[in-house]
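Shown here: start.txt, compact mmCIF, N, CA and C atoms.
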# COMPACT_ATOMS: atom_id res chain seq x y z
N MET K 146 91.54 134.71 138.60
CA MET K 146 92.72 134.25 137.89
C MET K 146 92.25 133.65 136.57
N ASP K 147 93.04 133.87 135.54
CA ASP K 147 92.71 133.35 134.23
C ASP K 147 93.95 132.71 133.63
N TYR K 148 94.16 131.44 133.89
CA TYR K 148 95.37 130.73 133.44
C TYR K 148 95.20 130.31 131.99
N ASN K 149 96.19 130.63 131.16
CA ASN K 149 96.15 130.30 129.74
C ASN K 149 97.36 129.49 129.28
N GLY K 150 98.01 128.78 130.18
CA GLY K 150 99.16 127.98 129.80
C GLY K 150 100.38 128.84 129.52
N SER K 151 101.43 128.19 129.05
CA SER K 151 102.67 128.88 128.70
C SER K 151 102.94 128.67 127.22
N PRO K 152 103.90 129.40 126.65
CA PRO K 152 104.23 129.20 125.24
C PRO K 152 104.72 127.79 124.92
N ALA K 153 105.18 127.07 125.93
CA ALA K 153 105.67 125.70 125.72
C ALA K 153 104.56 124.66 125.88
N GLU K 154 103.32 125.12 125.95
CA GLU K 154 102.18 124.22 126.13
C GLU K 154 101.14 124.48 125.04
N ARG K 155 100.32 123.46 124.80
CA ARG K 155 99.21 123.64 123.87
C ARG K 155 97.91 123.31 124.60
N ALA K 156 96.89 124.07 124.28
CA ALA K 156 95.58 123.89 124.90
C ALA K 156 94.86 122.71 124.27
N VAL K 157 94.25 121.87 125.12
CA VAL K 157 93.46 120.74 124.68
C VAL K 157 92.20 120.69 125.54
N PRO K 158 91.01 120.61 124.96
CA PRO K 158 89.83 120.44 125.79
C PRO K 158 89.93 119.13 126.59
N ALA K 159 89.55 119.17 127.84
CA ALA K 159 89.67 117.98 128.69
C ALA K 159 88.98 116.77 128.08
N GLY K 160 87.89 117.00 127.36
CA GLY K 160 87.16 115.90 126.73
C GLY K 160 87.93 115.17 125.65
N GLU K 161 89.03 115.75 125.17
CA GLU K 161 89.85 115.09 124.14
C GLU K 161 90.99 114.25 124.73
N LEU K 162 91.16 114.29 126.04
CA LEU K 162 92.22 113.49 126.66
C LEU K 162 91.88 112.01 126.56
N ASP K 163 92.88 111.20 126.29
CA ASP K 163 92.70 109.75 126.25
C ASP K 163 93.98 109.07 126.73
N ARG K 164 94.08 107.78 126.55
CA ARG K 164 95.20 107.00 127.09
C ARG K 164 96.56 107.47 126.59
N ARG K 165 96.61 108.10 125.42
CA ARG K 165 97.89 108.61 124.90
C ARG K 165 98.48 109.69 125.79
N HIS K 166 97.64 110.35 126.58
CA HIS K 166 98.08 111.47 127.39
C HIS K 166 98.55 111.06 128.79
N VAL K 167 98.32 109.80 129.17
CA VAL K 167 98.79 109.33 130.48
C VAL K 167 100.31 109.42 130.50
N GLY K 168 100.85 110.02 131.56
CA GLY K 168 102.29 110.19 131.70
C GLY K 168 102.78 111.55 131.25
N GLN K 169 101.93 112.33 130.60
CA GLN K 169 102.34 113.65 130.14
C GLN K 169 102.14 114.69 131.24
N SER K 170 102.96 115.73 131.20
CA SER K 170 102.80 116.85 132.13
C SER K 170 101.60 117.67 131.69
N VAL K 171 100.84 118.13 132.68
CA VAL K 171 99.62 118.88 132.40
C VAL K 171 99.51 120.04 133.38
N SER K 172 98.88 121.11 132.94
CA SER K 172 98.53 122.19 133.84
C SER K 172 97.11 122.63 133.49
N PHE K 173 96.38 123.10 134.49
CA PHE K 173 95.01 123.54 134.26
C PHE K 173 94.52 124.33 135.47
N GLN K 174 93.41 124.98 135.28
CA GLN K 174 92.79 125.77 136.33
C GLN K 174 91.45 125.12 136.67
N PRO K 175 91.37 124.36 137.77
CA PRO K 175 90.13 123.66 138.10
C PRO K 175 89.03 124.57 138.66
N ASN K 176 89.43 125.72 139.21
CA ASN K 176 88.46 126.67 139.74
C ASN K 176 89.02 128.08 139.60
N ASP K 177 88.34 129.05 140.14
CA ASP K 177 88.73 130.45 139.93
C ASP K 177 90.03 130.86 140.61
N PHE K 178 90.52 130.09 141.57
CA PHE K 178 91.67 130.55 142.35
C PHE K 178 92.80 129.54 142.46
N THR K 179 92.76 128.46 141.68
CA THR K 179 93.80 127.43 141.76
C THR K 179 94.33 127.07 140.37
N VAL K 180 95.64 126.92 140.25
CA VAL K 180 96.27 126.37 139.05
C VAL K 180 97.01 125.12 139.48
N VAL K 181 96.84 124.05 138.73
CA VAL K 181 97.43 122.75 139.07
C VAL K 181 98.46 122.39 138.01
N PHE K 182 99.61 121.88 138.47
CA PHE K 182 100.66 121.35 137.59
C PHE K 182 100.95 119.94 138.06
N GLY K 183 100.96 118.98 137.16
CA GLY K 183 101.25 117.61 137.55
C GLY K 183 101.46 116.72 136.34
N THR K 184 101.51 115.42 136.61
CA THR K 184 101.67 114.42 135.56
C THR K 184 100.44 113.54 135.57
N ILE K 185 99.84 113.32 134.42
CA ILE K 185 98.61 112.54 134.34
C ILE K 185 98.91 111.08 134.68
N ALA K 186 98.23 110.58 135.72
CA ALA K 186 98.37 109.18 136.12
C ALA K 186 97.23 108.34 135.55
N GLY K 187 96.07 108.94 135.39
CA GLY K 187 94.92 108.23 134.87
C GLY K 187 93.84 109.20 134.44
N ILE K 188 92.99 108.72 133.54
CA ILE K 188 91.90 109.53 133.00
C ILE K 188 90.64 108.69 132.99
N ALA K 189 89.54 109.25 133.48
CA ALA K 189 88.22 108.64 133.36
C ALA K 189 87.29 109.70 132.79
N ARG K 190 86.25 109.26 132.08
CA ARG K 190 85.40 110.23 131.41
C ARG K 190 83.95 109.79 131.47
N THR K 191 83.06 110.76 131.64
CA THR K 191 81.63 110.56 131.47
C THR K 191 81.20 111.49 130.33
N GLU K 192 79.91 111.60 130.08
CA GLU K 192 79.45 112.49 129.00
C GLU K 192 79.72 113.95 129.32
N ALA K 193 79.75 114.31 130.61
CA ALA K 193 79.89 115.72 130.99
C ALA K 193 81.21 116.07 131.66
N LEU K 194 81.89 115.08 132.24
CA LEU K 194 83.09 115.37 133.03
C LEU K 194 84.25 114.46 132.65
N VAL K 195 85.45 114.98 132.88
CA VAL K 195 86.68 114.20 132.75
C VAL K 195 87.32 114.19 134.13
N TYR K 196 87.70 113.01 134.59
CA TYR K 196 88.34 112.87 135.90
C TYR K 196 89.82 112.61 135.67
N LEU K 197 90.65 113.46 136.24
CA LEU K 197 92.10 113.31 136.11
C LEU K 197 92.69 112.90 137.44
N SER K 198 93.51 111.87 137.41
CA SER K 198 94.32 111.48 138.55
C SER K 198 95.75 111.87 138.22
N LEU K 199 96.42 112.54 139.17
CA LEU K 199 97.74 113.10 138.89
C LEU K 199 98.81 112.56 139.82
N HIS K 200 100.02 112.42 139.30
CA HIS K 200 101.22 112.19 140.10
C HIS K 200 101.80 113.56 140.43
N GLY K 201 102.43 113.68 141.58
CA GLY K 201 103.19 114.88 141.87
C GLY K 201 102.42 116.07 142.36
N VAL K 202 101.17 115.87 142.79
CA VAL K 202 100.38 117.00 143.25
C VAL K 202 100.00 116.85 144.72
N ALA K 203 99.50 115.70 145.13
CA ALA K 203 99.00 115.53 146.50
C ALA K 203 100.14 115.57 147.51
N GLY K 204 99.80 115.70 148.76
CA GLY K 204 100.82 115.68 149.80
C GLY K 204 100.67 116.82 150.77
N GLY K 205 100.11 117.93 150.32
CA GLY K 205 99.86 119.04 151.23
C GLY K 205 98.46 118.92 151.82
N THR K 206 98.17 119.74 152.78
CA THR K 206 96.85 119.66 153.42
C THR K 206 95.73 120.13 152.50
N HIS K 207 96.02 120.95 151.52
CA HIS K 207 94.98 121.45 150.63
C HIS K 207 95.20 121.05 149.17
N LEU K 208 96.14 120.18 148.90
CA LEU K 208 96.40 119.74 147.53
C LEU K 208 95.73 118.40 147.26
N LYS K 209 95.08 118.31 146.13
CA LYS K 209 94.42 117.07 145.74
C LYS K 209 95.21 116.44 144.59
N ASP K 210 95.01 115.15 144.40
CA ASP K 210 95.62 114.50 143.24
C ASP K 210 94.55 113.97 142.28
N GLU K 211 93.29 114.33 142.51
CA GLU K 211 92.21 113.96 141.60
C GLU K 211 91.34 115.18 141.36
N TYR K 212 90.98 115.39 140.09
CA TYR K 212 90.18 116.55 139.71
C TYR K 212 89.12 116.12 138.72
N ASP K 213 87.95 116.72 138.84
CA ASP K 213 86.91 116.52 137.84
C ASP K 213 86.74 117.83 137.10
N LEU K 214 86.80 117.76 135.76
CA LEU K 214 86.75 118.94 134.90
C LEU K 214 85.64 118.78 133.88
N PRO K 215 84.96 119.88 133.56
CA PRO K 215 84.01 119.82 132.44
C PRO K 215 84.74 119.45 131.16
N ILE K 216 84.06 118.76 130.26
CA ILE K 216 84.74 118.28 129.04
C ILE K 216 85.24 119.41 128.16
N ASP K 217 84.66 120.61 128.30
CA ASP K 217 85.11 121.72 127.47
C ASP K 217 86.17 122.61 128.15
N ARG K 218 86.59 122.26 129.36
CA ARG K 218 87.63 123.03 130.07
C ARG K 218 88.98 122.72 129.43
N ASN K 219 89.74 123.75 129.11
CA ASN K 219 91.07 123.54 128.52
C ASN K 219 92.05 123.09 129.58
N VAL K 220 92.85 122.10 129.21
CA VAL K 220 94.04 121.73 129.98
C VAL K 220 95.21 122.01 129.04
N TYR K 221 96.39 122.15 129.62
CA TYR K 221 97.56 122.54 128.83
C TYR K 221 98.62 121.46 128.93
N LEU K 222 98.95 120.88 127.77
CA LEU K 222 99.95 119.82 127.69
C LEU K 222 101.24 120.40 127.13
N GLN K 223 102.37 119.90 127.63
CA GLN K 223 103.65 120.36 127.09
C GLN K 223 103.76 119.93 125.64
N LEU K 224 104.33 120.82 124.84
CA LEU K 224 104.55 120.50 123.43
C LEU K 224 105.53 119.35 123.32
N ASP K 225 105.31 118.52 122.34
CA ASP K 225 106.22 117.40 122.08
C ASP K 225 107.55 117.95 121.59
N PRO K 226 108.65 117.68 122.31
CA PRO K 226 109.93 118.27 121.91
C PRO K 226 110.37 117.86 120.51
N LEU K 227 110.05 116.64 120.08
CA LEU K 227 110.45 116.22 118.73
C LEU K 227 109.68 116.98 117.66
N SER K 228 108.38 117.18 117.88
CA SER K 228 107.59 117.94 116.92
C SER K 228 108.04 119.38 116.88
N SER K 229 108.34 119.94 118.04
CA SER K 229 108.81 121.32 118.11
C SER K 229 110.15 121.46 117.39
N ALA K 230 111.04 120.51 117.61
CA ALA K 230 112.36 120.55 116.96
C ALA K 230 112.20 120.41 115.46
N GLU K 231 111.32 119.52 115.02
CA GLU K 231 111.10 119.32 113.59
C GLU K 231 110.59 120.61 112.94
N LYS K 232 109.64 121.28 113.58
CA LYS K 232 109.12 122.53 113.06
C LYS K 232 110.21 123.59 113.03
N GLY K 233 111.02 123.66 114.08
CA GLY K 233 112.11 124.63 114.12
C GLY K 233 113.12 124.40 113.01
N LEU K 234 113.45 123.13 112.76
CA LEU K 234 114.40 122.81 111.68
C LEU K 234 113.80 123.14 110.31
N ALA K 235 112.51 122.85 110.13
CA ALA K 235 111.87 123.17 108.85
C ALA K 235 111.86 124.68 108.62
N ASP K 236 111.58 125.44 109.67
CA ASP K 236 111.59 126.91 109.54
C ASP K 236 112.99 127.41 109.20
N ALA K 237 114.01 126.84 109.85
CA ALA K 237 115.40 127.24 109.58
C ALA K 237 115.79 126.88 108.15
N ALA K 238 115.40 125.70 107.69
CA ALA K 238 115.73 125.28 106.32
C ALA K 238 115.08 126.22 105.31
N LYS K 239 113.86 126.62 105.56
CA LYS K 239 113.18 127.56 104.65
C LYS K 239 113.91 128.91 104.63
N ALA K 240 114.33 129.39 105.80
CA ALA K 240 115.04 130.67 105.86
C ALA K 240 116.36 130.59 105.09
N VAL K 241 117.09 129.48 105.22
CA VAL K 241 118.35 129.30 104.50
C VAL K 241 118.09 129.24 102.99
N LYS K 242 117.07 128.50 102.59
CA LYS K 242 116.73 128.41 101.16
C LYS K 242 116.38 129.78 100.60
N ASP K 243 115.57 130.55 101.34
CA ASP K 243 115.21 131.90 100.89
C ASP K 243 116.44 132.78 100.72
N LYS K 244 117.38 132.69 101.68
CA LYS K 244 118.62 133.49 101.59
C LYS K 244 119.45 133.07 100.38
N LEU K 245 119.59 131.76 100.16
CA LEU K 245 120.36 131.29 99.00
C LEU K 245 119.72 131.74 97.69
N ASP K 246 118.39 131.69 97.63
CA ASP K 246 117.69 132.16 96.43
C ASP K 246 117.96 133.64 96.20
N GLU K 247 117.95 134.41 97.29
CA GLU K 247 118.22 135.85 97.19
C GLU K 247 119.64 136.10 96.69
N PHE K 248 120.61 135.36 97.23
CA PHE K 248 122.00 135.50 96.77
C PHE K 248 122.10 135.16 95.29
N GLY K 249 121.44 134.09 94.87
CA GLY K 249 121.45 133.70 93.46
C GLY K 249 120.88 134.79 92.57
N ARG K 250 119.77 135.40 92.98
CA ARG K 250 119.18 136.50 92.20
C ARG K 250 120.15 137.68 92.13
N ASN K 251 120.79 138.01 93.25
CA ASN K 251 121.75 139.13 93.26
C ASN K 251 122.91 138.87 92.31
N ILE K 252 123.43 137.67 92.30
CA ILE K 252 124.55 137.33 91.41
C ILE K 252 124.11 137.42 89.95
N ARG K 253 122.91 136.89 89.63
CA ARG K 253 122.41 136.97 88.26
C ARG K 253 122.21 138.43 87.84
N ASP K 254 121.67 139.23 88.74
CA ASP K 254 121.45 140.65 88.44
C ASP K 254 122.78 141.36 88.16
N ARG K 255 123.80 141.06 88.94
CA ARG K 255 125.12 141.67 88.73
C ARG K 255 125.70 141.26 87.38
N GLU K 256 125.60 139.97 87.07
CA GLU K 256 126.14 139.48 85.81
C GLU K 256 125.40 140.09 84.62
N GLN K 257 124.09 140.24 84.74
CA GLN K 257 123.33 140.86 83.65
C GLN K 257 123.71 142.34 83.50
N GLY K 258 124.01 142.98 84.62
CA GLY K 258 124.45 144.39 84.58
C GLY K 258 125.79 144.52 83.89
N LYS K 259 126.72 143.58 84.10
CA LYS K 259 128.03 143.61 83.46
C LYS K 259 127.90 143.34 81.98
N ASP K 260 127.00 142.43 81.61
CA ASP K 260 126.81 142.09 80.18
C ASP K 260 126.25 143.26 79.40
N SER K 261 125.45 144.10 80.03
CA SER K 261 124.85 145.23 79.31
C SER K 261 125.79 146.40 79.15
N GLU K 262 126.92 146.39 79.86
CA GLU K 262 127.90 147.50 79.76
C GLU K 262 128.72 147.40 78.54
Go ahead and express the file in the form of structure tokens.
Amino acid sequence: MDYNGSPAERAVPAGELDRRHVGQSVSFQPNDFTVVFGTIAGIARTEALVYLSLHGVAGGTHLKDEYDLPIDRNVYLQLDPLSSAEKGLADAAKAVKDKLDEFGRNIRDREQGKDSE
């Protein structure tokens, strides 16, 4: 299995996780055959490993709520909805501006065509 997150997530190396990420939803692949989805409850780090404690994962006979990951292993965090919305609005504003500029050019071209007749 090769888990690469979803379009609504961004990849972050486990070694970059810090206290800002506690409480965020996370998904990752701790081994070749398991994908984990949960909420970060705590993070501990050594030079080589990051230890994640999760809410919402344990409870089954084979589910754990603590994982140790190499610092270079990607974990996937949900995109910040406010940042995503801001980018979407900026893209929409640019598209509207481009359209208005195009309309303005078309009107000027028509008027110049009438003046030359």
Within 8 Å of stretch 149-156 of chain K, counting only C-alpha atoms, which residues qualify if same-chain residues fewer than 6 places away don't, as a PDB file with N, CA and C atoms, keeping the file's coordinate frame?
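Ended up saving to selection-v8.pdb:
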ATOM      1  N   SER K 172      98.880 121.110 132.940  1.00  0.00           N
ATOM      2  CA  SER K 172      98.530 122.190 133.840  1.00  0.00           C
ATOM      3  C   SER K 172      97.110 122.630 133.490  1.00  0.00           C
ATOM      4  N   PHE K 173      96.380 123.100 134.490  1.00  0.00           N
ATOM      5  CA  PHE K 173      95.010 123.540 134.260  1.00  0.00           C
ATOM      6  C   PHE K 173      94.520 124.330 135.470  1.00  0.00           C
ATOM      7  N   ASN K 219      89.740 123.750 129.110  1.00  0.00           N
ATOM      8  CA  ASN K 219      91.070 123.540 128.520  1.00  0.00           C
ATOM      9  C   ASN K 219      92.050 123.090 129.580  1.00  0.00           C
ATOM     10  N   VAL K 220      92.850 122.100 129.210  1.00  0.00           N
ATOM     11  CA  VAL K 220      94.040 121.730 129.980  1.00  0.00           C
ATOM     12  C   VAL K 220      95.210 122.010 129.040  1.00  0.00           C
ATOM     13  N   TYR K 221      96.390 122.150 129.620  1.00  0.00           N
ATOM     14  CA  TYR K 221      97.560 122.540 128.830  1.00  0.00           C
ATOM     15  C   TYR K 221      98.620 121.460 128.930  1.00  0.00           C
ATOM     16  N   LEU K 222      98.950 120.880 127.770  1.00  0.00           N
ATOM     17  CA  LEU K 222      99.950 119.820 127.690  1.00  0.00           C
ATOM     18  C   LEU K 222     101.240 120.400 127.130  1.00  0.00           C
ATOM     19  N   GLN K 223     102.370 119.900 127.630  1.00  0.00           N
ATOM     20  CA  GLN K 223     103.650 120.360 127.090  1.00  0.00           C
ATOM     21  C   GLN K 223     103.760 119.930 125.640  1.00  0.00           C
ATOM     22  N   LEU K 224     104.330 120.820 124.840  1.00  0.00           N
ATOM     23  CA  LEU K 224     104.550 120.500 123.430  1.00  0.00           C
ATOM     24  C   LEU K 224     105.530 119.350 123.320  1.00  0.00           C
TER      25      LEU K 224
END
Open item on the list: Let's see if you can do this: from backbone DSSP, list all strand (DSSP E or B) residues in chain K, as a PyMOL selection string.
Closed with: chain K and resi 154-158+170-176+179-190+194-200+211-215+219-223
Could you take the residues named above and write them with N, CA and C atoms, as a short mmCIF file (atom, residue, chain, number, x, y, z; two decimals), in the frame of the given file?
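out28.cif was written with the following content:
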data_model
loop_
_atom_site.label_atom_id
_atom_site.label_comp_id
_atom_site.auth_asym_id
_atom_site.auth_seq_id
_atom_site.Cartn_x
_atom_site.Cartn_y
_atom_site.Cartn_z
N GLU K 154 103.32 125.12 125.95
CA GLU K 154 102.18 124.22 126.13
C GLU K 154 101.14 124.48 125.04
N ARG K 155 100.32 123.46 124.80
CA ARG K 155 99.21 123.64 123.87
C ARG K 155 97.91 123.31 124.60
N ALA K 156 96.89 124.07 124.28
CA ALA K 156 95.58 123.89 124.90
C ALA K 156 94.86 122.71 124.27
N VAL K 157 94.25 121.87 125.12
CA VAL K 157 93.46 120.74 124.68
C VAL K 157 92.20 120.69 125.54
N PRO K 158 91.01 120.61 124.96
CA PRO K 158 89.83 120.44 125.79
C PRO K 158 89.93 119.13 126.59
N SER K 170 102.96 115.73 131.20
CA SER K 170 102.80 116.85 132.13
C SER K 170 101.60 117.67 131.69
N VAL K 171 100.84 118.13 132.68
CA VAL K 171 99.62 118.88 132.40
C VAL K 171 99.51 120.04 133.38
N SER K 172 98.88 121.11 132.94
CA SER K 172 98.53 122.19 133.84
C SER K 172 97.11 122.63 133.49
N PHE K 173 96.38 123.10 134.49
CA PHE K 173 95.01 123.54 134.26
C PHE K 173 94.52 124.33 135.47
N GLN K 174 93.41 124.98 135.28
CA GLN K 174 92.79 125.77 136.33
C GLN K 174 91.45 125.12 136.67
N PRO K 175 91.37 124.36 137.77
CA PRO K 175 90.13 123.66 138.10
C PRO K 175 89.03 124.57 138.66
N ASN K 176 89.43 125.72 139.21
CA ASN K 176 88.46 126.67 139.74
C ASN K 176 89.02 128.08 139.60
N THR K 179 92.76 128.46 141.68
CA THR K 179 93.80 127.43 141.76
C THR K 179 94.33 127.07 140.37
N VAL K 180 95.64 126.92 140.25
CA VAL K 180 96.27 126.37 139.05
C VAL K 180 97.01 125.12 139.48
N VAL K 181 96.84 124.05 138.73
CA VAL K 181 97.43 122.75 139.07
C VAL K 181 98.46 122.39 138.01
N PHE K 182 99.61 121.88 138.47
CA PHE K 182 100.66 121.35 137.59
C PHE K 182 100.95 119.94 138.06
N GLY K 183 100.96 118.98 137.16
CA GLY K 183 101.25 117.61 137.55
C GLY K 183 101.46 116.72 136.34
N THR K 184 101.51 115.42 136.61
CA THR K 184 101.67 114.42 135.56
C THR K 184 100.44 113.54 135.57
N ILE K 185 99.84 113.32 134.42
CA ILE K 185 98.61 112.54 134.34
C ILE K 185 98.91 111.08 134.68
N ALA K 186 98.23 110.58 135.72
CA ALA K 186 98.37 109.18 136.12
C ALA K 186 97.23 108.34 135.55
N GLY K 187 96.07 108.94 135.39
CA GLY K 187 94.92 108.23 134.87
C GLY K 187 93.84 109.20 134.44
N ILE K 188 92.99 108.72 133.54
CA ILE K 188 91.90 109.53 133.00
C ILE K 188 90.64 108.69 132.99
N ALA K 189 89.54 109.25 133.48
CA ALA K 189 88.22 108.64 133.36
C ALA K 189 87.29 109.70 132.79
N ARG K 190 86.25 109.26 132.08
CA ARG K 190 85.40 110.23 131.41
C ARG K 190 83.95 109.79 131.47
N LEU K 194 81.89 115.08 132.24
CA LEU K 194 83.09 115.37 133.03
C LEU K 194 84.25 114.46 132.65
N VAL K 195 85.45 114.98 132.88
CA VAL K 195 86.68 114.20 132.75
C VAL K 195 87.32 114.19 134.13
N TYR K 196 87.70 113.01 134.59
CA TYR K 196 88.34 112.87 135.90
C TYR K 196 89.82 112.61 135.67
N LEU K 197 90.65 113.46 136.24
CA LEU K 197 92.10 113.31 136.11
C LEU K 197 92.69 112.90 137.44
N SER K 198 93.51 111.87 137.41
CA SER K 198 94.32 111.48 138.55
C SER K 198 95.75 111.87 138.22
N LEU K 199 96.42 112.54 139.17
CA LEU K 199 97.74 113.10 138.89
C LEU K 199 98.81 112.56 139.82
N HIS K 200 100.02 112.42 139.30
CA HIS K 200 101.22 112.19 140.10
C HIS K 200 101.80 113.56 140.43
N GLU K 211 93.29 114.33 142.51
CA GLU K 211 92.21 113.96 141.60
C GLU K 211 91.34 115.18 141.36
N TYR K 212 90.98 115.39 140.09
CA TYR K 212 90.18 116.55 139.71
C TYR K 212 89.12 116.12 138.72
N ASP K 213 87.95 116.72 138.84
CA ASP K 213 86.91 116.52 137.84
C ASP K 213 86.74 117.83 137.10
N LEU K 214 86.80 117.76 135.76
CA LEU K 214 86.75 118.94 134.90
C LEU K 214 85.64 118.78 133.88
N PRO K 215 84.96 119.88 133.56
CA PRO K 215 84.01 119.82 132.44
C PRO K 215 84.74 119.45 131.16
N ASN K 219 89.74 123.75 129.11
CA ASN K 219 91.07 123.54 128.52
C ASN K 219 92.05 123.09 129.58
N VAL K 220 92.85 122.10 129.21
CA VAL K 220 94.04 121.73 129.98
C VAL K 220 95.21 122.01 129.04
N TYR K 221 96.39 122.15 129.62
CA TYR K 221 97.56 122.54 128.83
C TYR K 221 98.62 121.46 128.93
N LEU K 222 98.95 120.88 127.77
CA LEU K 222 99.95 119.82 127.69
C LEU K 222 101.24 120.40 127.13
N GLN K 223 102.37 119.90 127.63
CA GLN K 223 103.65 120.36 127.09
C GLN K 223 103.76 119.93 125.64
#
Task: Nearest-residue call for K:Arg218, choices K:Lys259, K:Arg253, K:Asp243, K:Tyr196, using only C-alpha atoms - done: K:Tyr196
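Minimum atom-to-atom distance to K:Arg164, evaluated using only N, CA and C atoms, belongs to K:Gly187 out of K:Gly187, K:Glu211, K:Thr179, K:Asp236.
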TODO: Identify the residues within 8 Å of coordinate (101.0, 122.3, 140.6) (same frame as the file), considering only N, CA and C atoms, and give the answer as number ranges by chain.
DONE: K: 171-173, 180-184, 201-202
Open item on the list: Which polymer residues, whether protein, DNA or RNA, lie within 12 Å of the coordinate (88.7, 112.3, 125.5) when you count only C-alpha atoms? List them as a ChimeraX atom specification, using the chain letters and numbers from the file.
Closed with: /K:157-167,187-197,214-220
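Interatomic distance, atom CA of K:Ile252 against atom C of K:Ala240: 17.3 Å.
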Task: Interatomic distance (Å, one decimal) between atom N of K:His200 and atom N of K:Gly168 - done: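 If I compute the distance from atom N of K:His200 to atom N of K:Gly168, I get 8.1 Å.
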Open item on the list: As an exercise, work out the distance from atom CA of K:Ala237 to atom CA of K:Arg255 in Å and give it to one decimal place.
Closed with: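 Taking atom CA of K:Ala237 as the start and atom CA of K:Arg255 as the end point, the length is 27.2 Å.
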